[in-house]
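Undergrad: Once you've had a glance at the structure underneath, I'll fire off some questions.
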Amino acid sequence: MAQLQRLAIAPSQLQDEKVVLTTQQQHYLNRVLRLRSGDRLIVMDGLGKWWLAQLTGAEAQILEPLNVQTELPGSITLMVALPKGNGFDEVVRCCTELGVACIAPVVSDRTLLNPSLQKLERWRRIAQEAAEQSERLIVPTILEPVSFAAAISTATATHRYLCVARGSHSHLQQALNSVSLTSKMLIATGPEGGWTAAEVECAIAAGFQPVSLGRRILRAVTAPVVALSLTAAVLESGST
Ligand code: SAH
């Protein structure tokens with residue numbers, strides 16, 4: 001089963017035990033992967049369901065539901081101030097592999113990148129590919145970029161952390177000791193220039209706890225990956 005190709009579909013493609021494939025998916029399965037009618041594959045709706053399916057021309061026939069469990073017990077949202085260049089591509093890819101549920105790109109005072117609609121589509125594609133590759137049940141949601149101020153004022157997660165590179169804040173791992181395994185968590189990381197003092201203040205006022213990821217200064221693309229690895233490890237090892 002593990003060797004079968006996985007294909008993420010939109011839930012609307014599933015009709016009467018059949019998946020109606022898009023032209024792009026047909027091209028990918030037939031031309032790129034060289035699959036033929038009769039070959040089997042795994043179809044995932046990105047919302048938590050997997051099925052074993054069989055290719056039949058422009059469709060895939062559903063054979064049976066599959067029972068897999070690859071998701072973290074808690075739900076982690078990453079709020080990431082957009083790094084410059086294509087740095088965010090790597091953040092989306094790595095954090096999807098690590099089990100993130102939602103990524104909220106934000107524009108902070110020191111963000112240099114001006115996000116475009118094409119970028120958002122690209123990030124969503126990367127999340128889908130990474131979810132297929134790492135056998136996720138869900139494809140993480142990538143929200144539209146908004147300002148950091150707007151994002152913190154609407155954040156609803158029960159546990160909210162703001163990663164701050166300097167200062168004597170408690171370590172994220174220590175802060176996580178008190179959360180339950182099935183919590184909803186939100187972790188925010190800043191841009192290359194870091195958060196401004198005003199942003200840190202606003203976040204604290206909005207219920208965020210400032211935390212450290214260690215004594216070294218990490219790059220804007222490394223920090224989210226470290227924060228997520230750490231949180232996933234705490235959740236999966238059940239040490240809370
Ligand atoms: N240029 C800034 C550092 C920015 S690092 C300075 O010199 O102070 C980019 C982002 O990564 C930070 O805003 C923070 O969210 C995160 N980060 C990097 N290293 C960190 C650390 N050791 N602890 C907590 N957060 C860190």
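Quick note on naming: the chains in the structure tokens go A, B, ... in the order shown, residues restart at 1 in each chain, and ligands are numbered from 1 in order of appearance.
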Distance limit 6 Å, reference ligand 1, atoms considered: only C-alpha atoms and all ligand atoms. Which residues make the cut? Give them as a PyMOL selection string.
TA: chain A and resi 163-166+189-195+212-220+223
Undergrad: Identify which of the residues A:Lys84, A:Arg136, A:Lys184, A:Arg93 lies closest to A:Pro115, counting only C-alpha atoms when measuring atom-to-atom distances.
TA: A:Lys84
Undergrad: Atom CA of A:Ala131 and atom CA of A:Glu90, how far apart in Å?
TA: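 One can read the atom CA of A:Glu90 to atom CA of A:Ala131 distance as 13.5 Å.
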Undergrad: Write down as a PyMOL selection string the residues of stretch 31-237 of chain A whose backbone DSSP state falls under alpha helix (DSSP H).
TA: chain A and resi 87-98+117-133+148-154+172-176+197-205+222-237
Undergrad: One decimal, in Å: what's the spacing between atom CA of A:Val225 and atom CA of A:Arg124?
TA: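 Interatomic distance, atom CA of A:Val225 to atom CA of A:Arg124: 17.6 Å.
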Undergrad: Can you pull out the residues contacting A:Cys102? Cut-off 6 Å, using only C-alpha atoms, and skip same-chain residues under 4 positions away; I want them as a list in words.
TA: Thr77, Pro140, Thr141 and Ile142 of chain A
